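Undergrad: Structure file target-v6.tsv (TSV, C-alpha atoms) right here:
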chain	number	residue	atom	x	y	z
P	1	MET	CA	-6.07	14.09	17.26
P	2	THR	CA	-7.81	11.77	14.87
P	3	ASP	CA	-9.31	9.55	17.54
P	4	ASP	CA	-10.70	12.56	19.21
P	5	ALA	CA	-12.06	14.03	16.01
P	6	GLY	CA	-13.39	10.67	14.85
P	7	SER	CA	-15.40	9.87	17.94
P	8	LYS	CA	-16.89	13.31	18.16
P	9	GLY	CA	-17.72	13.02	14.52
P	10	SER	CA	-19.79	9.90	14.78
P	11	LYS	CA	-21.59	10.96	17.93
P	12	GLY	CA	-22.52	14.33	16.61
P	13	SER	CA	-24.08	13.13	13.41
P	14	LYS	CA	-27.48	14.57	14.13
P	15	GLY	CA	-25.99	17.99	14.73
P	16	SER	CA	-24.20	18.53	18.00
P	17	LYS	CA	-25.28	21.11	20.54
P	18	ASP	CA	-22.29	23.23	19.65
P	19	SER	CA	-23.06	23.50	16.02
P	20	LYS	CA	-26.72	24.21	16.64
P	21	ALA	CA	-25.82	27.09	18.88
P	22	ASP	CA	-23.41	28.35	16.27
P	23	ARG	CA	-26.02	28.25	13.58
P	24	GLU	CA	-28.39	30.41	15.57
P	25	ASN	CA	-25.76	33.10	15.76
P	26	SER	CA	-24.71	33.18	12.16
P	27	GLU	CA	-25.45	32.14	8.64
P	28	THR	CA	-23.28	29.08	8.21
P	29	GLY	CA	-22.26	28.43	11.76
P	30	TYR	CA	-18.57	28.61	10.95
P	31	GLU	CA	-17.91	32.34	10.79
P	32	HIS	CA	-16.39	32.44	14.23
P	33	LEU	CA	-13.70	30.04	13.02
P	34	ALA	CA	-12.49	32.13	10.11
P	35	PRO	CA	-10.12	34.34	12.15
P	36	LEU	CA	-8.36	31.21	13.41
P	37	PHE	CA	-7.05	30.53	9.91
P	38	GLU	CA	-5.36	33.89	9.83
P	39	GLN	CA	-3.94	33.37	13.29
P	40	MET	CA	-2.61	30.00	12.23
P	41	ALA	CA	-1.13	31.32	9.01
P	42	ALA	CA	0.69	33.99	10.99
P	43	LEU	CA	2.35	31.44	13.24
P	44	ASP	CA	5.68	29.82	12.63
P	45	GLU	CA	5.67	26.25	11.17
P	46	ASN	CA	6.86	24.78	14.47
P	47	ASP	CA	4.88	26.93	16.84
P	48	PRO	CA	3.10	24.64	19.33
P	49	ASP	CA	0.02	26.87	19.16
P	50	ARG	CA	-0.42	25.86	15.56
P	51	ALA	CA	-1.43	22.33	16.47
P	52	GLU	CA	-4.00	23.67	18.86
P	53	LEU	CA	-5.51	26.03	16.30
P	54	ARG	CA	-5.52	23.27	13.72
P	55	ASN	CA	-7.33	21.01	16.13
P	56	LYS	CA	-9.91	23.71	16.85
P	57	LEU	CA	-10.46	24.29	13.16
P	58	VAL	CA	-10.89	20.61	12.41
P	59	THR	CA	-13.18	19.98	15.36
P	60	GLY	CA	-15.15	23.14	14.68
P	61	HIS	CA	-15.80	22.13	11.07
P	62	LEU	CA	-16.67	18.53	11.85
P	63	PRO	CA	-20.40	19.08	11.22
P	64	LEU	CA	-19.44	19.95	7.65
P	65	ALA	CA	-17.68	16.61	7.20
P	66	GLU	CA	-20.65	14.81	8.74
P	67	HIS	CA	-23.03	16.65	6.49
P	68	ILE	CA	-21.12	15.65	3.36
P	69	ALA	CA	-20.75	12.07	4.59
P	70	ALA	CA	-24.51	11.91	5.12
P	71	ARG	CA	-25.08	12.85	1.50
P	72	PHE	CA	-23.22	9.72	0.46
P	73	SER	CA	-24.74	7.35	2.98
P	74	ASN	CA	-26.87	4.32	2.11
P	75	ARG	CA	-24.64	3.41	-0.78
P	76	GLY	CA	-23.09	0.36	0.75
P	77	VAL	CA	-20.18	1.97	2.57
P	78	PRO	CA	-20.51	2.08	6.36
P	79	ARG	CA	-21.42	5.49	7.61
P	80	GLU	CA	-18.55	5.62	10.11
P	81	ASP	CA	-16.13	5.03	7.23
P	82	LEU	CA	-17.63	7.89	5.30
P	83	VAL	CA	-17.40	10.20	8.26
P	84	GLN	CA	-13.76	9.22	8.68
P	85	VAL	CA	-12.96	9.83	5.03
P	86	ALA	CA	-14.77	13.14	5.07
P	87	THR	CA	-12.86	14.07	8.23
P	88	LEU	CA	-9.63	13.17	6.52
P	89	GLY	CA	-10.65	15.42	3.64
P	90	LEU	CA	-11.46	18.15	6.10
P	91	ILE	CA	-8.05	17.85	7.74
P	92	ASN	CA	-6.41	18.14	4.33
P	93	ALA	CA	-8.52	21.17	3.57
P	94	VAL	CA	-7.59	22.84	6.87
P	95	ASP	CA	-3.92	22.14	6.18
P	96	ARG	CA	-3.98	23.43	2.64
P	97	PHE	CA	-6.26	26.43	2.98
P	98	GLN	CA	-4.59	29.77	2.46
P	99	PRO	CA	-6.70	32.56	3.92
P	100	ASP	CA	-4.81	35.21	1.95
P	101	ARG	CA	-6.13	33.85	-1.35
P	102	GLY	CA	-9.43	35.65	-0.93
P	103	THR	CA	-11.79	32.67	-0.96
P	104	ASP	CA	-13.60	31.59	2.15
P	105	PHE	CA	-12.83	28.26	3.72
P	106	LEU	CA	-16.15	26.62	2.94
P	107	SER	CA	-15.94	27.11	-0.80
P	108	PHE	CA	-12.47	25.61	-0.63
P	109	ALA	CA	-13.30	22.79	1.76
P	110	VAL	CA	-16.54	21.46	0.30
P	111	PRO	CA	-15.05	20.29	-3.01
P	112	THR	CA	-11.97	18.96	-1.21
P	113	VAL	CA	-14.03	16.88	1.19
P	114	MET	CA	-16.41	15.71	-1.53
P	115	GLY	CA	-13.43	14.71	-3.67
P	116	GLU	CA	-12.03	12.66	-0.82
P	117	VAL	CA	-15.32	10.86	-0.30
P	118	ARG	CA	-15.71	10.18	-4.02
P	119	ARG	CA	-12.19	8.81	-4.19
P	120	HIS	CA	-13.02	6.52	-1.32
P	121	PHE	CA	-16.00	5.17	-3.23
P	122	ARG	CA	-13.79	4.53	-6.20
P	123	ASP	CA	-10.99	2.89	-4.21
P	124	ALA	CA	-13.22	0.97	-1.86
P	125	SER	CA	-15.79	-0.12	-4.38
P	126	TRP	CA	-14.89	-3.74	-3.80
P	127	SER	CA	-16.05	-3.48	-0.24
P	128	MET	CA	-19.54	-3.24	-1.60
P	129	HIS	CA	-19.05	-6.24	-3.83
P	130	VAL	CA	-16.95	-8.72	-1.90
P	131	PRO	CA	-19.53	-10.98	-0.32
P	132	ARG	CA	-19.72	-11.13	3.43
P	133	ARG	CA	-18.84	-14.82	3.28
P	134	LEU	CA	-15.46	-13.97	1.74
P	135	LYS	CA	-14.77	-11.21	4.19
P	136	GLU	CA	-15.46	-13.57	7.06
P	137	LEU	CA	-13.34	-16.23	5.43
P	138	ASN	CA	-10.54	-13.74	5.12
P	139	LEU	CA	-10.83	-12.79	8.78
P	140	ALA	CA	-10.80	-16.44	9.81
P	141	ILE	CA	-7.68	-17.04	7.72
P	142	ASN	CA	-6.06	-14.01	9.23
P	143	SER	CA	-6.50	-15.18	12.79
P	144	ALA	CA	-5.63	-18.79	11.95
P	145	SER	CA	-2.51	-17.52	10.28
P	146	ALA	CA	-1.48	-15.61	13.41
P	147	GLU	CA	-2.08	-18.68	15.55
P	148	LEU	CA	-0.22	-21.07	13.26
P	149	SER	CA	2.69	-18.66	12.85
P	150	GLN	CA	3.11	-18.71	16.61
P	151	ARG	CA	3.09	-22.45	16.72
P	152	LEU	CA	5.24	-23.11	13.66
P	153	GLY	CA	7.66	-20.23	14.06
P	154	ARG	CA	7.03	-19.26	10.43
P	155	ALA	CA	4.10	-18.33	8.22
P	156	PRO	CA	1.71	-21.19	7.40
P	157	THR	CA	1.03	-22.47	3.89
P	158	PRO	CA	-2.45	-22.54	2.36
P	159	SER	CA	-2.66	-26.31	2.92
P	160	GLU	CA	-1.81	-25.89	6.59
P	161	LEU	CA	-4.47	-23.22	6.90
P	162	ALA	CA	-7.00	-25.47	5.17
P	163	ARG	CA	-6.28	-28.31	7.58
P	164	HIS	CA	-6.44	-26.03	10.58
P	165	LEU	CA	-9.72	-24.42	9.57
P	166	ASP	CA	-11.19	-27.61	8.17
P	167	LEU	CA	-11.70	-25.98	4.79
P	168	SER	CA	-10.79	-27.03	1.28
P	169	GLN	CA	-7.64	-25.53	-0.20
P	170	GLU	CA	-9.76	-23.81	-2.85
P	171	GLN	CA	-11.68	-22.06	-0.09
P	172	VAL	CA	-8.44	-20.89	1.48
P	173	TYR	CA	-7.25	-19.56	-1.90
P	174	GLU	CA	-10.51	-17.70	-2.23
P	175	GLY	CA	-10.20	-16.21	1.22
P	176	LEU	CA	-6.61	-15.15	0.64
P	177	GLU	CA	-7.56	-13.51	-2.62
P	178	ALA	CA	-10.38	-11.64	-0.94
P	179	GLY	CA	-7.65	-10.22	1.28
P	180	ASN	CA	-5.79	-9.00	-1.79
P	181	ALA	CA	-8.90	-7.26	-3.01
P	182	TYR	CA	-9.41	-5.65	0.35
P	183	HIS	CA	-9.27	-1.95	-0.29
P	184	SER	CA	-5.65	-1.27	0.03
P	185	MET	CA	-5.76	0.85	3.14
P	186	SER	CA	-8.58	1.14	5.52
P	187	LEU	CA	-9.18	4.54	6.87
P	188	ASP	CA	-8.38	3.64	10.39
P	189	GLU	CA	-4.96	2.98	8.97
P	190	ALA	CA	-4.66	6.30	7.25
P	191	LEU	CA	-5.72	7.95	10.46
P	192	SER	CA	-4.04	5.71	12.97
P	193	PRO	CA	-1.28	7.13	15.11
P	194	ASP	CA	2.31	6.35	14.27
P	195	VAL	CA	4.20	3.64	16.05
P	196	ASP	CA	5.94	4.93	19.12
P	197	SER	CA	9.19	6.44	18.05
P	198	ASP	CA	11.19	5.04	20.97
P	199	SER	CA	11.43	1.65	19.38
P	200	LEU	CA	12.19	3.36	16.14
P	201	GLY	CA	15.17	5.49	17.03
P	202	GLU	CA	17.62	2.63	16.86
P	203	GLN	CA	16.35	1.47	13.48
P	204	LEU	CA	16.67	4.66	11.56
P	205	GLY	CA	20.37	5.28	11.87
P	206	GLU	CA	20.82	1.80	10.58
P	207	THR	CA	18.91	2.52	7.40
P	208	ASP	CA	21.50	5.10	6.56
P	209	THR	CA	24.49	2.83	6.89
P	210	ALA	CA	22.65	-0.03	5.23
P	211	LEU	CA	21.98	2.18	2.26
P	212	ASP	CA	25.64	3.07	1.86
P	213	GLY	CA	26.28	0.73	-1.01
P	214	VAL	CA	23.18	1.74	-2.90
P	215	ASP	CA	23.88	3.98	-5.86
P	216	ASP	CA	20.51	5.71	-5.85
P	217	TYR	CA	20.98	6.51	-2.17
P	218	GLU	CA	20.87	10.25	-2.72
P	219	SER	CA	17.48	10.25	-4.40
P	220	LEU	CA	16.13	7.51	-2.15
P	221	ARG	CA	17.01	9.01	1.16
P	222	PRO	CA	14.61	11.96	1.12
P	223	LEU	CA	11.84	9.63	-0.05
P	224	ILE	CA	12.45	7.26	2.83
P	225	GLU	CA	12.61	10.13	5.26
P	226	ARG	CA	9.24	11.31	4.06
P	227	LEU	CA	7.58	7.95	4.78
P	228	PRO	CA	5.34	7.65	7.81
P	229	GLU	CA	7.30	6.18	10.72
P	230	ARG	CA	5.61	2.84	10.68
P	231	GLU	CA	6.11	2.34	6.94
P	232	ARG	CA	9.74	3.31	7.30
P	233	MET	CA	10.15	0.86	10.13
P	234	ILE	CA	8.58	-1.97	8.13
P	235	LEU	CA	10.81	-1.17	5.17
P	236	THR	CA	13.89	-1.16	7.38
P	237	LEU	CA	13.02	-4.40	9.13
P	238	ARG	CA	12.30	-6.21	5.86
P	239	PHE	CA	15.14	-4.96	3.68
P	240	PHE	CA	17.89	-4.09	6.14
P	241	ARG	CA	17.20	-6.45	9.00
P	242	HIS	CA	15.93	-9.26	6.82
P	243	MET	CA	12.99	-10.00	9.07
P	244	THR	CA	10.09	-11.87	7.47
P	245	GLN	CA	6.70	-10.24	7.12
P	246	THR	CA	5.35	-12.53	9.83
P	247	GLN	CA	8.10	-11.48	12.24
P	248	ILE	CA	7.46	-7.84	11.45
P	249	ALA	CA	3.72	-8.31	11.92
P	250	ASP	CA	4.38	-9.84	15.31
P	251	ARG	CA	6.73	-7.07	16.31
P	252	ILE	CA	4.43	-4.24	15.27
P	253	GLY	CA	1.20	-5.87	16.30
P	254	ILE	CA	-0.64	-5.95	12.99
P	255	SER	CA	-1.45	-8.87	10.68
P	256	GLN	CA	0.97	-10.28	8.12
P	257	MET	CA	-1.50	-9.39	5.36
P	258	HIS	CA	-1.46	-5.86	6.56
P	259	VAL	CA	2.33	-5.73	6.57
P	260	SER	CA	2.20	-7.10	3.05
P	261	ARG	CA	-0.14	-4.36	1.87
P	262	LEU	CA	1.84	-1.61	3.59
P	263	LEU	CA	5.10	-2.87	2.14
P	264	ALA	CA	3.66	-3.10	-1.38
P	265	ARG	CA	2.35	0.42	-1.12
P	266	THR	CA	5.62	1.76	0.29
P	267	LEU	CA	7.70	0.22	-2.49
P	268	GLU	CA	5.30	1.63	-5.04
P	269	GLN	CA	5.62	5.09	-3.52
P	270	LEU	CA	9.41	4.86	-3.57
P	271	ARG	CA	9.39	3.78	-7.20
P	272	GLU	CA	7.06	6.61	-8.14
P	273	GLY	CA	9.20	9.05	-6.20
P	274	MET	CA	12.36	7.87	-7.94
P	275	LEU	CA	10.70	8.22	-11.33
P	276	SER	CA	9.51	11.74	-10.77
P	277	ASP	CA	12.96	12.49	-9.45
P	278	GLU	CA	14.50	11.52	-12.78
P	279	ASP	CA	12.28	13.86	-14.78
U	1	MET	CA	9.86	-16.38	-25.80
U	2	SER	CA	6.34	-16.55	-27.13
U	3	VAL	CA	3.44	-18.69	-28.12
U	4	GLU	CA	4.61	-18.87	-31.71
U	5	ASP	CA	7.39	-21.19	-30.62
U	6	GLY	CA	4.70	-23.74	-29.99
U	7	ASP	CA	6.39	-25.66	-27.23
U	8	SER	CA	5.86	-25.26	-23.55
U	9	SER	CA	6.53	-27.44	-20.60
U	10	PRO	CA	3.48	-28.38	-18.51
U	11	ASP	CA	4.70	-26.36	-15.54
U	12	GLU	CA	5.25	-23.18	-17.54
U	13	ILE	CA	2.86	-20.23	-17.47
U	14	GLU	CA	3.23	-17.24	-19.73
U	15	LEU	CA	1.48	-13.91	-19.59
U	16	ARG	CA	1.96	-11.36	-22.31
U	17	LEU	CA	0.54	-7.87	-22.02
U	18	GLY	CA	1.29	-4.24	-22.72
U	19	ALA	CA	4.25	-2.86	-20.79
U	20	GLU	CA	2.07	-0.49	-18.77
U	21	LEU	CA	2.07	0.12	-15.03
U	22	THR	CA	-1.71	-0.21	-15.06
U	23	ASN	CA	-1.26	-3.89	-15.93
U	24	LEU	CA	0.68	-4.60	-12.73
U	25	PRO	CA	-2.35	-5.77	-10.73
U	26	ILE	CA	-2.99	-8.52	-13.28
U	27	ILE	CA	0.57	-9.80	-13.03
U	28	ARG	CA	0.45	-9.51	-9.25
U	29	SER	CA	-2.69	-11.58	-8.90
U	30	LEU	CA	-1.39	-14.24	-11.27
U	31	THR	CA	1.79	-14.41	-9.18
U	32	SER	CA	-0.19	-14.74	-6.01
U	33	SER	CA	-2.32	-17.47	-7.52
U	34	ILE	CA	0.69	-19.44	-8.72
U	35	ALA	CA	2.55	-19.21	-5.41
U	36	MET	CA	-0.57	-20.09	-3.42
U	37	ARG	CA	-1.24	-23.16	-5.53
U	38	ALA	CA	2.37	-24.20	-5.18
U	39	ASP	CA	1.60	-24.13	-1.43
U	40	TYR	CA	4.29	-21.61	-0.56
U	41	ASP	CA	3.93	-20.14	2.92
U	42	LEU	CA	2.22	-16.76	3.24
U	43	ASP	CA	5.50	-14.89	3.67
U	44	ALA	CA	6.93	-16.46	0.53
U	45	ILE	CA	3.75	-15.73	-1.43
U	46	ALA	CA	3.90	-12.08	-0.36
U	47	ASP	CA	7.63	-11.86	-1.13
U	48	MET	CA	7.16	-13.35	-4.57
U	49	LYS	CA	4.42	-10.84	-5.33
U	50	LEU	CA	6.57	-7.91	-4.25
U	51	ALA	CA	9.54	-9.21	-6.25
U	52	VAL	CA	7.50	-9.68	-9.42
U	53	ASP	CA	6.04	-6.22	-8.91
U	54	GLU	CA	9.49	-4.74	-8.57
U	55	ALA	CA	10.97	-6.60	-11.58
U	56	CYS	CA	8.03	-5.71	-13.83
U	57	SER	CA	7.98	-2.05	-12.74
U	58	THR	CA	11.68	-1.80	-13.49
U	59	LEU	CA	11.20	-3.11	-17.01
U	60	ILE	CA	8.01	-1.19	-17.71
U	61	THR	CA	9.80	2.08	-17.05
U	62	ARG	CA	12.49	1.03	-19.56
U	63	ALA	CA	10.14	-0.33	-22.20
U	64	ALA	CA	10.01	1.18	-25.69
U	65	PRO	CA	6.66	2.77	-26.62
U	66	ASN	CA	4.01	0.12	-27.28
U	67	ALA	CA	6.34	-2.67	-26.23
U	68	ALA	CA	4.90	-5.87	-24.83
U	69	LEU	CA	5.86	-7.31	-21.48
U	70	SER	CA	6.37	-11.05	-21.38
U	71	CYS	CA	6.13	-12.80	-18.03
U	72	VAL	CA	7.06	-16.46	-17.79
U	73	PHE	CA	6.66	-18.49	-14.62
U	74	LYS	CA	8.22	-21.93	-14.27
U	75	VAL	CA	7.01	-23.88	-11.32
U	76	SER	CA	9.06	-26.85	-10.22
U	77	LYS	CA	9.19	-28.94	-7.09
U	78	ASP	CA	11.91	-26.79	-5.54
U	79	GLU	CA	11.30	-23.30	-6.84
U	80	ILE	CA	9.25	-20.79	-8.78
U	81	ARG	CA	11.28	-19.08	-11.49
U	82	PHE	CA	10.03	-15.88	-13.08
U	83	VAL	CA	11.45	-14.20	-16.16
U	84	VAL	CA	10.11	-10.88	-17.37
U	85	SER	CA	11.22	-9.36	-20.67
U	86	THR	CA	10.52	-6.27	-22.72
U	87	ARG	CA	11.84	-4.34	-25.66
U	88	SER	CA	13.80	-1.21	-24.86
U	89	THR	CA	15.54	1.50	-26.81
U	90	SER	CA	18.36	1.44	-24.29
U	91	ASP	CA	20.90	-1.34	-23.88
U	92	GLY	CA	21.48	-0.46	-20.21
U	93	ARG	CA	21.21	-3.34	-17.79
U	94	PRO	CA	19.15	-2.75	-14.67
U	95	SER	CA	21.66	-1.66	-12.06
U	96	ASN	CA	22.74	-4.21	-9.50
U	97	ASP	CA	23.53	-1.47	-7.04
U	98	SER	CA	20.13	0.15	-6.91
U	99	PHE	CA	17.68	-0.09	-4.06
U	100	GLY	CA	15.29	-1.88	-6.41
U	101	TRP	CA	17.89	-4.57	-6.90
U	102	ARG	CA	18.33	-4.93	-3.19
U	103	VAL	CA	14.59	-5.42	-2.95
U	104	LEU	CA	14.79	-8.24	-5.48
U	105	THR	CA	17.72	-9.99	-3.83
U	106	THR	CA	16.19	-9.69	-0.38
U	107	LEU	CA	12.86	-11.11	-1.47
U	108	THR	CA	14.13	-13.97	-3.63
U	109	ASP	CA	16.93	-16.51	-3.68
U	110	HIS	CA	18.21	-15.59	-7.11
U	111	ALA	CA	18.09	-12.42	-9.21
U	112	ASP	CA	19.71	-11.76	-12.55
U	113	SER	CA	19.33	-9.40	-15.48
U	114	TRP	CA	20.65	-9.34	-19.02
U	115	VAL	CA	20.24	-7.50	-22.31
U	116	GLU	CA	20.37	-8.85	-25.85
U	117	PRO	CA	20.13	-7.03	-29.17
U	118	ASP	CA	16.78	-7.21	-30.94
U	119	GLY	CA	16.77	-5.60	-34.37
U	120	GLY	CA	17.64	-1.97	-33.78
U	121	GLN	CA	16.50	-2.22	-30.17
U	122	HIS	CA	17.24	-4.38	-27.15
U	123	LEU	CA	15.51	-7.07	-25.18
U	124	VAL	CA	15.93	-6.55	-21.46
U	125	HIS	CA	15.27	-9.44	-19.08
U	126	ILE	CA	15.05	-9.83	-15.34
U	127	GLU	CA	14.90	-13.24	-13.74
U	128	VAL	CA	14.14	-14.11	-10.13
U	129	ALA	CA	13.66	-17.43	-8.43
U	130	LYS	CA	12.28	-18.30	-5.05
U	131	ARG	CA	12.90	-21.64	-3.47
U	132	ARG	CA	10.40	-23.45	-1.38
U	133	ALA	CA	11.07	-22.92	2.31
U	134	ASP	CA	12.28	-26.00	4.13
U	135	GLY	CA	9.64	-26.02	6.81
U	136	PRO	CA	6.37	-27.52	5.53
U	137	ALA	CA	6.05	-31.19	4.76
Could you show the structure in this file as structure tokens?

TA:
Amino acid sequence: MTDDAGSKGSKGSKGSKDSKADRENSETGYEHLAPLFEQMAALDENDPDRAELRNKLVTGHLPLAEHIAARFSNRGVPREDLVQVATLGLINAVDRFQPDRGTDFLSFAVPTVMGEVRRHFRDASWSMHVPRRLKELNLAINSASAELSQRLGRAPTPSELARHLDLSQEQVYEGLEAGNAYHSMSLDEALSPDVDSDSLGEQLGETDTALDGVDDYESLRPLIERLPERERMILTLRFFRHMTQTQIADRIGISQMHVSRLLARTLEQLREGMLSDED
Amino acid sequence: MSVEDGDSSPDEIELRLGAELTNLPIIRSLTSSIAMRADYDLDAIADMKLAVDEACSTLITRAAPNAALSCVFKVSKDEIRFVVSTRSTSDGRPSNDSFGWRVLTTLTDHADSWVEPDGGQHLVHIEVAKRRADGPA
């Protein structure tokens, strides 16, 4: 869904034909969508029609997300990123909106979407400040690291990277640190589809048995189950299969640095979840 | 365990800060810097960061109000050793059967915890060590 919504979003930034036509017929251009919320609310959680209605609602309201994104443009964050964040906010708004509460969707959605965009500015503020040189350095290190890992059969060290890239070790340190500062999750990530679950099926049963000896198993299990599939897979491979981050990166097809960030975030979520569980 | 003792070995690095989760990024970036400069491979650097994160989070949640968190790194030829300590009102040792402990033992080569009395309260410590991988010259 997200790919679909995303590409339409960026193309239609100047107001798509659809939304123009809608506007001629009504005040905000979204009135015709309102009944869909009630239809969706009436459907069962698992009804396949729900997904379709949800998709229609998100796609139909895309001009709203684009409009809000445009208000924040020219502030150093790429426009496509803003549209994606706003779209993410819109999706959240569609999911959370309750038509029976008496408010209309727009007055609910606008603050939600704006909040999402503002949060992005806060979280991603480094992306405005990390110099291009460092970002490029970080990219170069990332691809050198993938290449060297292949050759060495393990992750390279900073000195090996320096030799390979003909850089000083200090430069490599700088580049690696820029990677740490990289805003923790890019939006493509938040919106990217899950890993295919075929490869996953075999892993998950194993998590259960592997967790047998763990005394906080009962509180942990629902938290692990709630993780996105890819995060759960990375967690399983690292802590129950004892694969290294480089091996996991290779297996899943993302960079080691990315695995590192996902793993750090997952562990943090589990810790937070366990804490709130104790309260 | 602190500066007042005066002595330190040249390969010892100590960081002392409030036992607050908001301080974790500082500890994390120091860890990364230390492991990078010790020329650990990228997997080991990432593992060390996650382990330090885990150990510190565990202690921060047990820390008495306004307690300090002391982080000591010892870098030697073969390993990086990290000891984190804080004051707690409870004398409970971090559980060795928890998932958090599994995280520590998976990510490092050595993990230990102990508690000692400190006035009316208790000092809780977690220690982890990560050896240099055999690979690089």

Undergrad: Considering only C-alpha atoms, state which residue in the set U:Ser85, U:Asn96, U:Asp112, U:Arg131 is at the smallest distance from Leu17 of chain U.

TA: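 Between U:Ser85, U:Asn96, U:Asp112, U:Arg131, the residue approaching Leu17 of chain U most closely is U:Ser85.
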
Undergrad: Please report as CSV every residue of chain U lying within 12 Å of chain P, along with the nearest atom pair and their distance in Å (one decimal), using all atoms listed in the file.

TA:
residue,atom,partner,partner_atom,distance
U:Leu21,CA,P:Glu268,CA,10.6
U:Leu24,CA,P:Glu268,CA,10.9
U:Pro25,CA,P:Asn180,CA,10.1
U:Ile26,CA,P:Asn180,CA,11.8
U:Arg28,CA,P:Asn180,CA,9.7
U:Ser29,CA,P:Asn180,CA,8.2
U:Leu30,CA,P:Glu177,CA,10.7
U:Thr31,CA,P:Glu177,CA,11.5
U:Ser32,CA,P:Glu177,CA,8.2
U:Ser33,CA,P:Tyr173,CA,7.8
U:Ile34,CA,P:Tyr173,CA,10.5
U:Ala35,CA,P:Pro158,CA,9.8
U:Met36,CA,P:Pro158,CA,6.6
U:Arg37,CA,P:Tyr173,CA,7.9
U:Ala38,CA,P:Pro158,CA,9.1
U:Asp39,CA,P:Thr157,CA,5.6
U:Tyr40,CA,P:Thr157,CA,5.6
U:Asp41,CA,P:Thr157,CA,3.8
U:Leu42,CA,P:Ala155,CA,5.5
U:Asp43,CA,P:Ala155,CA,5.9
U:Ala44,CA,P:Ala155,CA,8.4
U:Ile45,CA,P:Thr157,CA,9.0
U:Ala46,CA,P:Ser260,CA,6.3
U:Asp47,CA,P:Ser260,CA,8.3
U:Met48,CA,P:Ser260,CA,11.0
U:Lys49,CA,P:Ala264,CA,8.7
U:Leu50,CA,P:Ala264,CA,6.3
U:Ala51,CA,P:Ala264,CA,9.8
U:Val52,CA,P:Ala264,CA,11.1
U:Asp53,CA,P:Ala264,CA,8.5
U:Glu54,CA,P:Leu267,CA,8.0
U:Ala55,CA,P:Arg271,CA,11.4
U:Cys56,CA,P:Arg271,CA,11.7
U:Ser57,CA,P:Arg271,CA,8.2
U:Thr58,CA,P:Arg271,CA,8.7
U:Ile60,CA,P:Leu275,CA,11.7
U:Thr61,CA,P:Leu275,CA,8.4
U:Arg62,CA,P:Leu275,CA,11.1
U:Ser95,CA,P:Asp215,CA,8.7
U:Asn96,CA,P:Val214,CA,8.9
U:Asp97,CA,P:Val214,CA,5.3
U:Ser98,CA,P:Val214,CA,5.3
U:Phe99,CA,P:Val214,CA,5.9
U:Gly100,CA,P:Arg271,CA,8.2
U:Trp101,CA,P:Val214,CA,9.2
U:Arg102,CA,P:Phe239,CA,7.6
U:Val103,CA,P:Phe239,CA,6.7
U:Leu104,CA,P:Phe239,CA,9.7
U:Thr105,CA,P:Phe239,CA,9.4
U:Thr106,CA,P:Phe239,CA,6.3
U:Leu107,CA,P:Phe239,CA,8.3
U:Thr108,CA,P:His242,CA,11.6
U:Arg132,CA,P:Thr157,CA,10.8
U:Ala133,CA,P:Arg154,CA,9.8
U:Asp134,CA,P:Arg154,CA,10.6
U:Gly135,CA,P:Arg154,CA,8.1
U:Pro136,CA,P:Thr157,CA,7.5
U:Ala137,CA,P:Glu160,CA,9.7

Undergrad: Kindly give the distance, in Å, that separates atom CA of Thr236 of chain P and atom CA of Gly253 of chain P, rounded to a single decimal.

TA: 16.2 Å

Undergrad: Excluding Gly18 of chain U and residues on its chain fewer than 6 positions from it, collect all residues at most 7 Å away from it, counting all atoms listed in the file, and give them as a PyMOL selection string.

TA: chain U and resi 66-69

Undergrad: Grab the atom CA of Phe82 of chain U to atom CA of Leu262 of chain P distance for me, in Å with one decimal place.

TA: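 Atom-to-atom, atom CA of Phe82 of chain U and atom CA of Leu262 of chain P are spaced 23.4 Å apart.
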
Undergrad: Give, as AutoDock Vina command-line options, the centre coordinates and the x, y and z edge lengths in Å to one decimal for an axis-aligned box around all listed atoms of segment 94-104 of chain U, padded by 5 Å on each side.

TA:
--center_x 19.1 --center_y -4.0 --center_z -8.8 --size_x 18.9 --size_y 18.4 --size_z 21.7

Undergrad: So what do you get for atom CA of Val128 of chain U versus atom CA of Glu225 of chain P, distance-wise?

TA: 28.8 Å

Undergrad: Using all atoms listed in the file and a cutoff of 10 Å, can you tell me which residues are near (6.8, -5.3, 17.2) in the file's coordinates, and write them out as a ChimeraX atom specification?

TA: /P:195,199,233-234,247-254

Undergrad: Counting only C-alpha atoms, which of P:Glu66, P:Ala34, P:Ala93, P:Glu218 gets nearest to Glu80 of chain P?

TA: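 Of the candidates, the smallest distance to Glu80 of chain P is held by P:Glu66.
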
Undergrad: Name all residues at most 8 Å from Arg54 of chain P (count all atoms listed in the file; drop same-chain ones fewer than 4 positions away) and give them as a short mmCIF file (atom, residue, chain, number, x, y, z; two decimals) with C-alpha atoms, in the frame of the given file.

TA:
data_model
loop_
_atom_site.label_atom_id
_atom_site.label_comp_id
_atom_site.auth_asym_id
_atom_site.auth_seq_id
_atom_site.Cartn_x
_atom_site.Cartn_y
_atom_site.Cartn_z
CA MET P 40 -2.61 30.00 12.23
CA ARG P 50 -0.42 25.86 15.56
CA VAL P 58 -10.89 20.61 12.41
CA VAL P 94 -7.59 22.84 6.87
CA ASP P 95 -3.92 22.14 6.18
#

Undergrad: Restricting the calculation to all atoms listed in the file: of P:Lys135, P:Met274, P:Ser255, P:Glu116, which residue gets closest to Glu147 of chain P?

TA: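 Smallest distance to Glu147 of chain P is found for P:Ser255.
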
Undergrad: His61 of chain P: which residues within 10 Å, counting all atoms listed in the file, same-chain residues fewer than 5 positions away excluded, as a list in words?

TA: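 With the cut-off at 10 Å, the set is Gly9, Ser19, Gly29, Tyr30, Leu33, Asn55, Lys56, Glu66, Thr87, Leu90, Ile91, Val94, Leu106 and Ala109 of chain P.
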